[in-house]
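K.L.:
Supplied structure: final-v9.tsv, TSV, C-alpha atoms and all ligand atoms.
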```
chain	number	residue	atom	x	y	z
G	1	MET	CA	14.73	-6.61	-32.73
G	2	LYS	CA	13.88	-6.83	-29.05
G	3	PRO	CA	10.75	-5.13	-27.69
G	4	LYS	CA	11.46	-1.78	-26.08
G	5	LEU	CA	10.93	-1.61	-22.32
G	6	LEU	CA	10.89	1.45	-20.08
G	7	VAL	CA	11.68	0.80	-16.41
G	8	ALA	CA	10.19	3.85	-14.73
G	9	ARG	CA	12.04	3.85	-11.41
G	10	PRO	CA	15.20	2.26	-9.99
G	11	ILE	CA	15.01	-1.49	-9.36
G	12	PHE	CA	17.55	-4.22	-8.57
G	13	GLN	CA	20.34	-4.18	-11.18
G	14	SER	CA	20.16	-7.99	-11.45
G	15	VAL	CA	16.52	-7.71	-12.57
G	16	ILE	CA	17.47	-5.10	-15.18
G	17	ASP	CA	20.26	-7.43	-16.36
G	18	ASP	CA	17.81	-10.35	-16.67
G	19	LEU	CA	15.30	-8.15	-18.52
G	20	SER	CA	18.01	-7.04	-20.95
G	21	ALA	CA	18.14	-10.58	-22.37
G	22	PHE	CA	14.59	-10.08	-23.71
G	23	PHE	CA	14.18	-6.33	-24.02
G	24	ASP	CA	15.89	-3.23	-25.25
G	25	VAL	CA	15.75	-1.60	-21.81
G	26	THR	CA	15.62	2.10	-21.00
G	27	SER	CA	15.94	2.37	-17.22
G	28	ASN	CA	15.69	5.27	-14.83
G	29	GLN	CA	18.27	3.95	-12.36
G	30	PRO	CA	19.30	7.53	-11.35
G	31	ASP	CA	15.66	8.07	-10.27
G	32	THR	CA	15.17	11.26	-12.26
G	33	PRO	CA	11.76	12.58	-11.14
G	34	TRP	CA	9.07	12.61	-13.83
G	35	THR	CA	6.77	15.49	-14.58
G	36	PRO	CA	3.48	14.56	-16.27
G	37	ASP	CA	4.99	15.72	-19.60
G	38	SER	CA	8.38	14.06	-19.24
G	39	TRP	CA	6.68	10.80	-18.18
G	40	GLN	CA	4.34	10.87	-21.17
G	41	GLN	CA	7.30	11.51	-23.46
G	42	ALA	CA	9.40	8.82	-21.78
G	43	VAL	CA	6.78	6.15	-22.42
G	44	ALA	CA	6.70	7.10	-26.12
G	45	GLY	CA	8.20	4.51	-28.43
G	46	HIS	CA	8.13	1.73	-25.83
G	47	ASP	CA	6.25	-1.55	-26.12
G	48	ALA	CA	6.23	-2.13	-22.39
G	49	ALA	CA	6.63	-0.30	-19.10
G	50	LEU	CA	7.62	-1.56	-15.68
G	51	THR	CA	5.99	0.91	-13.31
G	52	THR	CA	5.62	1.55	-9.60
G	53	GLY	CA	2.50	2.86	-7.90
G	54	SER	CA	3.71	6.42	-8.55
G	55	ASP	CA	3.72	6.15	-12.35
G	56	PRO	CA	0.35	6.76	-14.01
G	57	ILE	CA	-0.88	4.82	-17.01
G	58	ASN	CA	-3.99	6.83	-17.77
G	59	GLY	CA	-5.89	8.21	-20.75
G	60	ASN	CA	-3.28	10.92	-21.41
G	61	VAL	CA	-0.34	8.51	-21.40
G	62	LEU	CA	-2.22	5.92	-23.45
G	63	GLY	CA	-3.54	8.50	-25.94
G	64	THR	CA	-0.05	9.60	-26.94
G	65	ASN	CA	1.54	6.15	-26.79
G	66	PRO	CA	-0.32	3.76	-29.10
G	67	ARG	CA	2.71	1.43	-29.22
G	68	LEU	CA	2.39	0.47	-25.53
G	69	LYS	CA	1.20	-3.12	-25.09
G	70	ILE	CA	1.70	-3.88	-21.42
G	71	ALA	CA	2.38	-2.07	-18.15
G	72	ALA	CA	3.60	-4.21	-15.25
G	73	ASN	CA	3.15	-2.56	-11.87
G	74	MET	CA	5.64	-3.46	-9.16
G	75	ALA	CA	2.89	-3.18	-6.54
G	76	VAL	CA	-0.26	-5.04	-5.62
G	77	GLY	CA	-2.23	-1.75	-5.60
G	78	TYR	CA	-2.89	-0.35	-9.05
G	79	ASN	CA	-4.79	2.89	-8.57
G	80	ASN	CA	-2.13	4.52	-10.81
G	81	PHE	CA	-3.60	2.49	-13.71
G	82	ASP	CA	-6.79	3.37	-15.56
G	83	VAL	CA	-7.58	-0.29	-16.18
G	84	PRO	CA	-10.83	0.31	-18.17
G	85	ALA	CA	-8.94	2.69	-20.52
G	86	MET	CA	-6.09	0.18	-20.83
G	87	THR	CA	-8.54	-2.60	-21.60
G	88	ALA	CA	-10.35	-0.47	-24.21
G	89	LEU	CA	-7.02	0.16	-25.96
G	90	GLY	CA	-5.83	-3.44	-25.68
G	91	VAL	CA	-3.07	-2.68	-23.17
G	92	THR	CA	-2.43	-5.45	-20.63
G	93	ALA	CA	-2.11	-4.41	-16.98
G	94	THR	CA	-0.44	-6.54	-14.32
G	95	ASN	CA	0.31	-6.20	-10.61
G	96	THR	CA	2.23	-8.21	-7.99
G	97	PRO	CA	-0.27	-10.00	-5.75
G	98	ASP	CA	0.56	-12.61	-3.07
G	99	VAL	CA	4.34	-12.08	-2.93
G	100	LEU	CA	3.98	-9.18	-0.49
G	101	THR	CA	1.00	-10.32	1.57
G	102	GLU	CA	2.74	-11.64	4.69
G	103	THR	CA	5.44	-8.93	4.73
G	104	THR	CA	2.86	-6.17	4.45
G	105	ALA	CA	0.78	-7.78	7.20
G	106	ASP	CA	3.89	-7.97	9.41
G	107	PHE	CA	4.40	-4.26	8.90
G	108	GLY	CA	0.75	-3.44	9.52
G	109	PHE	CA	1.00	-5.24	12.82
G	110	ALA	CA	4.31	-3.55	13.68
G	111	LEU	CA	2.76	-0.15	12.96
G	112	LEU	CA	-0.27	-1.04	15.09
G	113	MET	CA	1.99	-1.98	18.00
G	114	ALA	CA	4.25	1.05	17.60
G	115	THR	CA	1.17	3.27	17.58
G	116	ALA	CA	-0.61	1.61	20.49
G	117	ARG	CA	2.56	1.51	22.62
G	118	ARG	CA	3.72	5.04	21.62
G	119	MET	CA	7.12	3.85	20.44
G	120	THR	CA	8.24	6.75	18.25
G	121	GLU	CA	6.83	9.38	20.59
G	122	SER	CA	8.78	7.91	23.51
G	123	GLU	CA	11.94	7.46	21.43
G	124	HIS	CA	11.87	11.14	20.42
G	125	TYR	CA	11.52	12.03	24.10
G	126	LEU	CA	14.50	9.87	25.01
G	127	ARG	CA	16.68	11.16	22.14
G	128	ALA	CA	15.87	14.74	23.13
G	129	GLY	CA	17.40	14.04	26.56
G	130	GLN	CA	14.09	14.57	28.36
G	131	TRP	CA	14.09	11.25	30.27
G	132	LYS	CA	15.04	12.02	33.85
G	133	GLN	CA	13.30	9.27	35.85
G	134	TRP	CA	10.83	6.37	35.66
G	135	ARG	CA	7.17	7.31	36.13
G	136	TYR	CA	4.14	5.05	36.55
G	137	ASP	CA	2.27	6.72	33.67
G	138	MET	CA	5.16	7.39	31.34
G	139	PHE	CA	3.94	6.89	27.75
G	140	ALA	CA	1.15	4.66	28.99
G	141	GLY	CA	-0.40	3.28	25.82
G	142	ALA	CA	-3.24	1.03	24.77
G	143	GLU	CA	-3.38	-2.73	25.31
G	144	VAL	CA	-2.89	-4.83	22.17
G	145	HIS	CA	-3.39	-8.45	23.35
G	146	GLY	CA	-7.00	-9.28	24.06
G	147	SER	CA	-8.29	-6.05	22.52
G	148	THR	CA	-10.64	-5.69	19.54
G	149	LEU	CA	-8.93	-5.54	16.16
G	150	GLY	CA	-11.04	-3.96	13.41
G	151	ILE	CA	-10.09	-4.46	9.77
G	152	LEU	CA	-11.60	-2.41	6.96
G	153	GLY	CA	-10.94	-4.27	3.69
G	154	MET	CA	-10.56	-8.02	4.14
G	155	GLY	CA	-8.55	-9.13	1.12
G	156	ARG	CA	-5.39	-11.22	1.37
G	157	ILE	CA	-3.49	-8.68	3.49
G	158	GLY	CA	-6.46	-8.02	5.77
G	159	GLN	CA	-6.81	-11.76	6.36
G	160	ALA	CA	-3.10	-12.09	7.15
G	161	ILE	CA	-3.42	-9.28	9.72
G	162	ALA	CA	-6.49	-10.96	11.21
G	163	ARG	CA	-4.54	-14.21	11.67
G	164	ARG	CA	-1.75	-12.38	13.47
G	165	GLY	CA	-4.21	-10.63	15.75
G	166	ALA	CA	-6.42	-13.61	16.51
G	167	HIS	CA	-3.86	-16.39	16.79
G	168	GLY	CA	-0.83	-14.41	18.02
G	169	PHE	CA	-2.39	-11.83	20.32
G	170	GLY	CA	-5.72	-13.31	21.33
G	171	MET	CA	-7.56	-10.36	19.78
G	172	ASN	CA	-11.24	-10.29	19.06
G	173	VAL	CA	-11.25	-9.69	15.27
G	174	ILE	CA	-14.06	-7.91	13.47
G	175	TYR	CA	-14.04	-6.77	9.85
G	176	HIS	CA	-16.00	-4.95	7.22
G	177	ASN	CA	-15.62	-5.62	3.52
G	178	ARG	CA	-17.63	-5.13	0.31
G	179	SER	CA	-18.76	-8.73	0.73
G	180	GLN	CA	-18.68	-11.15	3.61
G	181	LEU	CA	-15.98	-13.83	3.37
G	182	ASP	CA	-16.67	-17.55	3.12
G	183	ALA	CA	-17.38	-19.12	6.48
G	184	ALA	CA	-14.24	-21.28	6.21
G	185	ILE	CA	-12.01	-18.19	5.91
G	186	GLU	CA	-13.83	-16.44	8.74
G	187	ILE	CA	-13.28	-19.47	10.97
G	188	GLU	CA	-9.61	-19.71	10.02
G	189	CYS	CA	-9.05	-15.98	10.65
G	190	LYS	CA	-11.35	-16.03	13.72
G	191	ALA	CA	-12.94	-12.92	12.22
G	192	ARG	CA	-16.54	-11.72	12.42
G	193	PHE	CA	-18.25	-9.61	9.72
G	194	VAL	CA	-19.90	-6.40	10.97
G	195	ASP	CA	-21.32	-3.28	9.32
G	196	LYS	CA	-18.96	-0.33	8.92
G	197	GLU	CA	-20.53	1.72	11.72
G	198	THR	CA	-20.20	-1.14	14.21
G	199	LEU	CA	-16.59	-1.64	13.11
G	200	LEU	CA	-15.71	2.01	13.73
G	201	LYS	CA	-17.54	2.17	17.06
G	202	THR	CA	-16.17	-1.12	18.42
G	203	ALA	CA	-12.55	-1.44	17.28
G	204	ASP	CA	-9.75	-0.65	19.71
G	205	HIS	CA	-7.33	-0.74	16.79
G	206	LEU	CA	-8.66	-0.12	13.29
G	207	VAL	CA	-6.47	-1.16	10.34
G	208	LEU	CA	-7.26	0.04	6.81
G	209	VAL	CA	-6.37	-2.42	4.06
G	210	LEU	CA	-8.86	-1.56	1.33
G	211	PRO	CA	-7.97	-0.58	-2.24
G	212	TYR	CA	-8.13	3.10	-3.21
G	213	SER	CA	-10.85	4.08	-5.69
G	214	ALA	CA	-13.33	6.91	-6.18
G	215	GLN	CA	-15.63	4.93	-3.84
G	216	SER	CA	-13.07	4.61	-1.05
G	217	HIS	CA	-11.85	8.24	-1.27
G	218	HIS	CA	-12.09	9.64	2.28
G	219	ALA	CA	-13.76	6.46	3.52
G	220	MET	CA	-12.35	7.68	6.84
G	221	GLY	CA	-13.34	11.35	7.02
G	222	ALA	CA	-14.25	13.54	9.99
G	223	ALA	CA	-17.66	11.86	10.43
G	224	GLU	CA	-16.21	8.34	10.43
G	225	ILE	CA	-13.32	9.24	12.76
G	226	ALA	CA	-15.87	10.78	15.13
G	227	LEU	CA	-17.50	7.36	15.51
G	228	MET	CA	-14.29	5.80	16.86
G	229	LYS	CA	-13.57	5.40	20.57
G	230	PRO	CA	-11.42	8.14	22.15
G	231	SER	CA	-9.01	5.35	23.18
G	232	ALA	CA	-8.78	3.86	19.67
G	233	THR	CA	-5.93	3.87	17.17
G	234	LEU	CA	-6.22	4.15	13.38
G	235	ILE	CA	-3.65	2.45	11.12
G	236	ASN	CA	-3.46	3.15	7.36
G	237	ILE	CA	-1.25	0.84	5.30
G	238	ALA	CA	-3.59	0.93	2.28
G	239	ARG	CA	-3.37	4.12	0.22
G	240	GLY	CA	-3.31	7.84	0.77
G	241	GLY	CA	-6.69	9.40	0.08
G	242	ILE	CA	-8.63	6.72	1.95
G	243	VAL	CA	-8.19	8.84	5.09
G	244	ASP	CA	-8.94	12.55	5.06
G	245	ASP	CA	-5.52	13.45	6.50
G	246	ALA	CA	-6.55	17.03	7.40
G	247	ALA	CA	-9.53	15.73	9.40
G	248	LEU	CA	-7.33	13.10	11.03
G	249	ALA	CA	-4.76	15.70	12.13
G	250	VAL	CA	-7.54	17.71	13.81
G	251	ALA	CA	-8.90	14.56	15.51
G	252	LEU	CA	-5.42	13.63	16.78
G	253	LYS	CA	-4.78	17.14	18.04
G	254	ASN	CA	-8.12	17.18	19.89
G	255	LYS	CA	-7.53	13.63	21.21
G	256	GLN	CA	-10.76	12.50	19.57
G	257	ILE	CA	-8.85	9.26	19.01
G	258	ALA	CA	-5.72	8.21	20.89
G	259	ALA	CA	-3.24	7.83	18.04
G	260	ALA	CA	-2.66	6.93	14.40
G	261	GLY	CA	-0.04	5.02	12.44
G	262	LEU	CA	0.32	6.08	8.81
G	263	ASP	CA	2.44	4.53	6.09
G	264	VAL	CA	0.57	6.23	3.22
G	265	PHE	CA	-0.56	9.81	2.69
G	266	GLU	CA	-2.75	11.95	0.49
G	267	GLY	CA	-0.49	13.44	-2.18
G	268	GLU	CA	2.59	11.51	-0.98
G	269	PRO	CA	5.54	12.00	-0.82
G	270	ALA	CA	4.18	15.35	0.37
G	271	LEU	CA	2.15	15.12	3.54
G	272	ASN	CA	-0.28	17.32	5.33
G	273	PRO	CA	1.99	19.55	7.49
G	274	ALA	CA	-0.49	19.38	10.36
G	275	LEU	CA	0.41	15.70	10.80
G	276	LEU	CA	3.97	16.73	11.66
G	277	THR	CA	2.76	18.92	14.51
G	278	VAL	CA	0.92	16.22	16.48
G	279	PRO	CA	2.93	13.81	18.66
G	280	ASN	CA	0.41	10.96	18.71
G	281	VAL	CA	1.07	9.70	15.20
G	282	VAL	CA	3.66	7.25	13.89
G	283	LEU	CA	4.72	8.18	10.34
G	284	THR	CA	6.57	5.95	7.86
G	285	PRO	CA	7.29	6.57	4.15
G	286	HIS	CA	5.19	3.88	2.36
G	287	ILE	CA	7.46	0.97	3.30
G	288	ALA	CA	4.98	-1.72	4.32
G	289	SER	CA	6.22	-4.18	1.69
G	290	SER	CA	9.84	-3.14	2.01
G	291	THR	CA	12.01	-6.07	2.95
G	292	VAL	CA	14.86	-6.97	0.62
G	293	HIS	CA	13.33	-10.39	-0.02
G	294	THR	CA	9.84	-9.08	-0.79
G	295	ARG	CA	10.92	-6.15	-2.93
G	296	MET	CA	13.04	-8.59	-4.97
G	297	ALA	CA	10.04	-10.92	-5.32
G	298	MET	CA	7.89	-7.99	-6.47
G	299	ALA	CA	10.48	-6.84	-9.01
G	300	LYS	CA	10.90	-10.40	-10.33
G	301	LEU	CA	7.16	-10.96	-10.66
G	302	ALA	CA	6.75	-7.66	-12.55
G	303	ALA	CA	9.64	-8.71	-14.82
G	304	ASP	CA	8.25	-12.24	-15.26
G	305	ASN	CA	4.90	-10.75	-16.29
G	306	LEU	CA	6.62	-8.77	-19.05
G	307	VAL	CA	8.64	-11.74	-20.30
G	308	ALA	CA	5.61	-14.07	-20.20
G	309	TYR	CA	3.55	-11.58	-22.21
G	310	PHE	CA	6.09	-11.34	-25.02
G	311	LYS	CA	7.23	-14.99	-24.94
G	312	ALA	CA	3.95	-16.81	-24.29
G	313	GLY	CA	1.36	-14.17	-25.19
G	314	LYS	CA	-0.07	-14.17	-21.65
G	315	ALA	CA	1.01	-12.35	-18.51
G	316	LEU	CA	1.16	-14.29	-15.21
G	317	THR	CA	-0.95	-11.99	-13.00
G	318	PRO	CA	-3.06	-9.89	-15.39
G	319	LEU	CA	-5.60	-7.36	-14.19
G	320	ASN	CA	-7.42	-7.53	-17.52
G	321	GLN	CA	-7.89	-10.44	-19.93
G	322	LEU	CA	-6.76	-9.45	-23.41
G	323	ALA	CA	-5.44	-11.08	-26.53
G	324	PRO	CA	-1.85	-9.88	-26.92
G	325	LYS	CA	-1.45	-6.83	-29.12
G	326	GLN	CA	0.30	-7.29	-32.42
G	327	VAL	CA	4.02	-6.90	-31.68
G	328	ASP	CA	5.69	-4.85	-34.40
G	329	LEU	CA	9.38	-4.80	-33.60
G	330	SER	CA	10.54	-3.27	-36.88
G	331	SER	CA	11.30	0.14	-35.39
U	401	LIG	C1	1.69	-2.03	-3.07
U	401	LIG	O1	2.20	-3.08	-3.45
U	401	LIG	O2	0.59	-1.64	-3.46
U	401	LIG	C2	2.47	-1.25	-2.08
U	401	LIG	O3	1.74	-0.22	-1.54
U	401	LIG	C3	3.74	-0.74	-2.72
U	401	LIG	O4	3.41	0.30	-3.58
```
What does this structure look like when you write it as structure tokens?
P.N.:
Amino acid sequence: MKPKLLVARPIFQSVIDDLSAFFDVTSNQPDTPWTPDSWQQAVAGHDAALTTGSDPINGNVLGTNPRLKIAANMAVGYNNFDVPAMTALGVTATNTPDVLTETTADFGFALLMATARRMTESEHYLRAGQWKQWRYDMFAGAEVHGSTLGILGMGRIGQAIARRGAHGFGMNVIYHNRSQLDAAIEIECKARFVDKETLLKTADHLVLVLPYSAQSHHAMGAAEIALMKPSATLINIARGGIVDDAALAVALKNKQIAAAGLDVFEGEPALNPALLTVPNVVLTPHIASSTVHTRMAMAKLAADNLVAYFKAGKALTPLNQLAPKQVDLSS
């Protein structure tokens, strides 16, 4: 008998086909939305789950699904996992680090530029037939080259953004992180560690790349946004909930900061309706890692983690270190 695998959301058919050689696969290719109950019931009876960042593996799901041995997230972020609860119950958790770093950094930089140079705002103006003549101050935005790039959260993606800013655009790069990076990495990224307040007060463009947790919830609230320069932009490619979106909408409306670029939202796919009423924000639907090549690499790494766990007893990119659970394939 093959282990039973639930694939929570649509993925590349070729990856499902490859997984079918090792697993008895139940897939949700039609993308039927889950409710908390239907998700909990769907996981039941499976040895493994291939999840996305929208599919929770928490105490409720684990409590009613003792058969589950591994959940492989097709994402580098894993705030949908309760890793301590998974560890306590012997359930392996994996994510997809590295394969999306450069692509996500590309997007972060694209969003920064679109925001600073008012690209979507001006496109809407043009599409609406409002462009009648050239004007000296038409959609005058903020300079990118030579400006100060602030990065909050200096993991792999933050470092990749720093390199783009420093080496490609001659930006002065400052960052804040839980801990200061090794000097060699700072030199390579041409990045200088500062405290959070200095970061917020000094950055011309502030990019958020920190993981979401109870500690980082509303790390950018009204008080923090108030510290930023009125000419500054705020870019969130990390997770919804790190920014207080309601406070940000007020700040954008009042021109407390110049503009924002958001790829992630509190409670996504819903978003705070006030964000739709302000022109100085670029909005994208959580697509920072979305190139065909990278999404395939993410899907394959999630799949390889599952196969490695059942074939070799050890996942490739585990978030917790566990002896494999006894695999009972009799039912
Ligand atoms: C990630 O990998 O964490 C991206 O945000 C996709 O969910």
K.L.:
Check the smallest atom-to-atom distance from each of G:Pro318, G:Pro97, G:Pro3, G:Pro30 to ligand LIG 401 (chain U) using all atoms listed in the file, then report the winner.
P.N.:
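Looking only at the distances to ligand LIG 401 (chain U), the closest residue turns out to be G:Pro97.
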K.L.:
What do you get as an NGL selection string if you pick all residues at most 8 Å from ligand LIG 401 (chain U), counting all atoms listed in the file?
P.N.:
:G and (52-54 or 74-78 or 96-97 or 100 or 237-239 or 286-289)
K.L.:
With distances taken over all atoms listed in the file, which of G:Gly313, G:Gly241, G:Gly261, G:Gly158 is nearest to G:Ala105?
P.N.:
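Of the candidates, the smallest distance to G:Ala105 is held by G:Gly158.
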K.L.:
Rank nothing, just name the residue among G:Asn79, G:Ile16, G:Glu186, G:Ala93 nearest to G:Lys314, using only C-alpha atoms.
P.N.:
G:Ala93
K.L.:
May I ask for the distance between atom CA of G:Glu224 and atom CA of G:Ala259, given in Å to one decimal place?
P.N.:
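We find that atom CA of G:Glu224 and atom CA of G:Ala259 lie 15.0 Å from each other.
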K.L.:
Which residues are near G:Ala226? Cut-off 12 Å, only C-alpha atoms, ignore same chain within fewer than 5 positions. Put them as a PDB file with C-alpha atoms, in the coordinates of the input.
P.N.:
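So the final result, stored in result-v1.pdb, reads:
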```pdb
ATOM      1  CA  GLU G 197     -20.530   1.720  11.720  1.00  0.00           C
ATOM      2  CA  LEU G 200     -15.710   2.010  13.730  1.00  0.00           C
ATOM      3  CA  LYS G 201     -17.540   2.170  17.060  1.00  0.00           C
ATOM      4  CA  MET G 220     -12.350   7.680   6.840  1.00  0.00           C
ATOM      5  CA  GLY G 221     -13.340  11.350   7.020  1.00  0.00           C
ATOM      6  CA  SER G 231      -9.010   5.350  23.180  1.00  0.00           C
ATOM      7  CA  ALA G 232      -8.780   3.860  19.670  1.00  0.00           C
ATOM      8  CA  LEU G 234      -6.220   4.150  13.380  1.00  0.00           C
ATOM      9  CA  ALA G 247      -9.530  15.730   9.400  1.00  0.00           C
ATOM     10  CA  LEU G 248      -7.330  13.100  11.030  1.00  0.00           C
ATOM     11  CA  VAL G 250      -7.540  17.710  13.810  1.00  0.00           C
ATOM     12  CA  ALA G 251      -8.900  14.560  15.510  1.00  0.00           C
ATOM     13  CA  LEU G 252      -5.420  13.630  16.780  1.00  0.00           C
ATOM     14  CA  ASN G 254      -8.120  17.180  19.890  1.00  0.00           C
ATOM     15  CA  LYS G 255      -7.530  13.630  21.210  1.00  0.00           C
ATOM     16  CA  GLN G 256     -10.760  12.500  19.570  1.00  0.00           C
ATOM     17  CA  ILE G 257      -8.850   9.260  19.010  1.00  0.00           C
ATOM     18  CA  ALA G 258      -5.720   8.210  20.890  1.00  0.00           C
TER      19      ALA G 258
END
```
K.L.:
Using only C-alpha atoms, pick whichever of G:Thr198, G:Thr284, G:Gln13, G:Asn80 has the shortest atom-to-atom distance to G:Val264.
P.N.:
G:Thr284
K.L.:
Quick one: residues within 10 Å of G:Pro279, all atoms listed in the file counted, chain neighbours fewer than 5 positions away excluded, as a list of chain:residue names?
P.N.:
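Near neighbours after the sequence-gap exclusion: G:Arg118, G:Thr120, G:Glu121, G:Ser122, G:His124, G:Leu252, G:Lys253, G:Ala259, G:Ala260.
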K.L.:
Give as JSON, numbers by chain the set of residues within 10 Å of the point (19.3, -4.3, -20.6), where distances use the file's coordinates and all atoms listed in the file.
P.N.:
{"G": [4, 5, 13, 14, 15, 16, 17, 18, 19, 20, 21, 22, 23, 24, 25, 26, 27]}
K.L.:
Using all atoms listed in the file, can you tell me which of G:Leu199, G:Met119, G:Gly168, G:Ile187 comes closest to G:Gly153?
P.N.:
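Of all the options, G:Leu199 lies closest to G:Gly153.
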K.L.:
Which of these residues is nearest to G:Arg117, using only C-alpha atoms: G:Val282, G:Ile161, G:Leu301, G:Ala8?
P.N.:
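Of all the options, G:Val282 lies closest to G:Arg117.
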K.L.:
Could you work out how far atom CA of G:Tyr175 lies from atom CA of G:Ile225, giving the answer in Å with one decimal?
P.N.:
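So the two atoms, atom CA of G:Ile225 and atom CA of G:Tyr175, lie 16.3 Å apart.
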K.L.:
When you look at G:Val61 with a cut-off of 10 Å (counting only C-alpha atoms), what residues show up, excluding the ones that are within fewer than 6 positions of it in the same chain? I need them as a PDB file with C-alpha atoms, in the coordinates of the input.
P.N.:
```
ATOM      1  CA  PRO G  36       3.480  14.560 -16.270  1.00  0.00           C
ATOM      2  CA  ASP G  37       4.990  15.720 -19.600  1.00  0.00           C
ATOM      3  CA  TRP G  39       6.680  10.800 -18.180  1.00  0.00           C
ATOM      4  CA  GLN G  40       4.340  10.870 -21.170  1.00  0.00           C
ATOM      5  CA  GLN G  41       7.300  11.510 -23.460  1.00  0.00           C
ATOM      6  CA  ALA G  42       9.400   8.820 -21.780  1.00  0.00           C
ATOM      7  CA  VAL G  43       6.780   6.150 -22.420  1.00  0.00           C
ATOM      8  CA  ALA G  44       6.700   7.100 -26.120  1.00  0.00           C
ATOM      9  CA  LEU G  68       2.390   0.470 -25.530  1.00  0.00           C
TER      10      LEU G  68
END
```
K.L.:
Report, in Å to a single decimal, how far apart atom CA of G:Ala303 and atom CA of G:Lys69 are.
P.N.:
14.4 Å
K.L.:
I'd like the box whose edges run along x, y and z of the file and which contains every listed atom of stretch 268-286 of chain G, padded by 4 Å per side; could you state its centre and edge lengths in Å, one decimal, as lines of an AutoDock Vina configuration file?
P.N.:
```
center_x = 3.4
center_y = 11.7
center_z = 8.9
size_x = 15.8
size_y = 23.7
size_z = 27.7
```
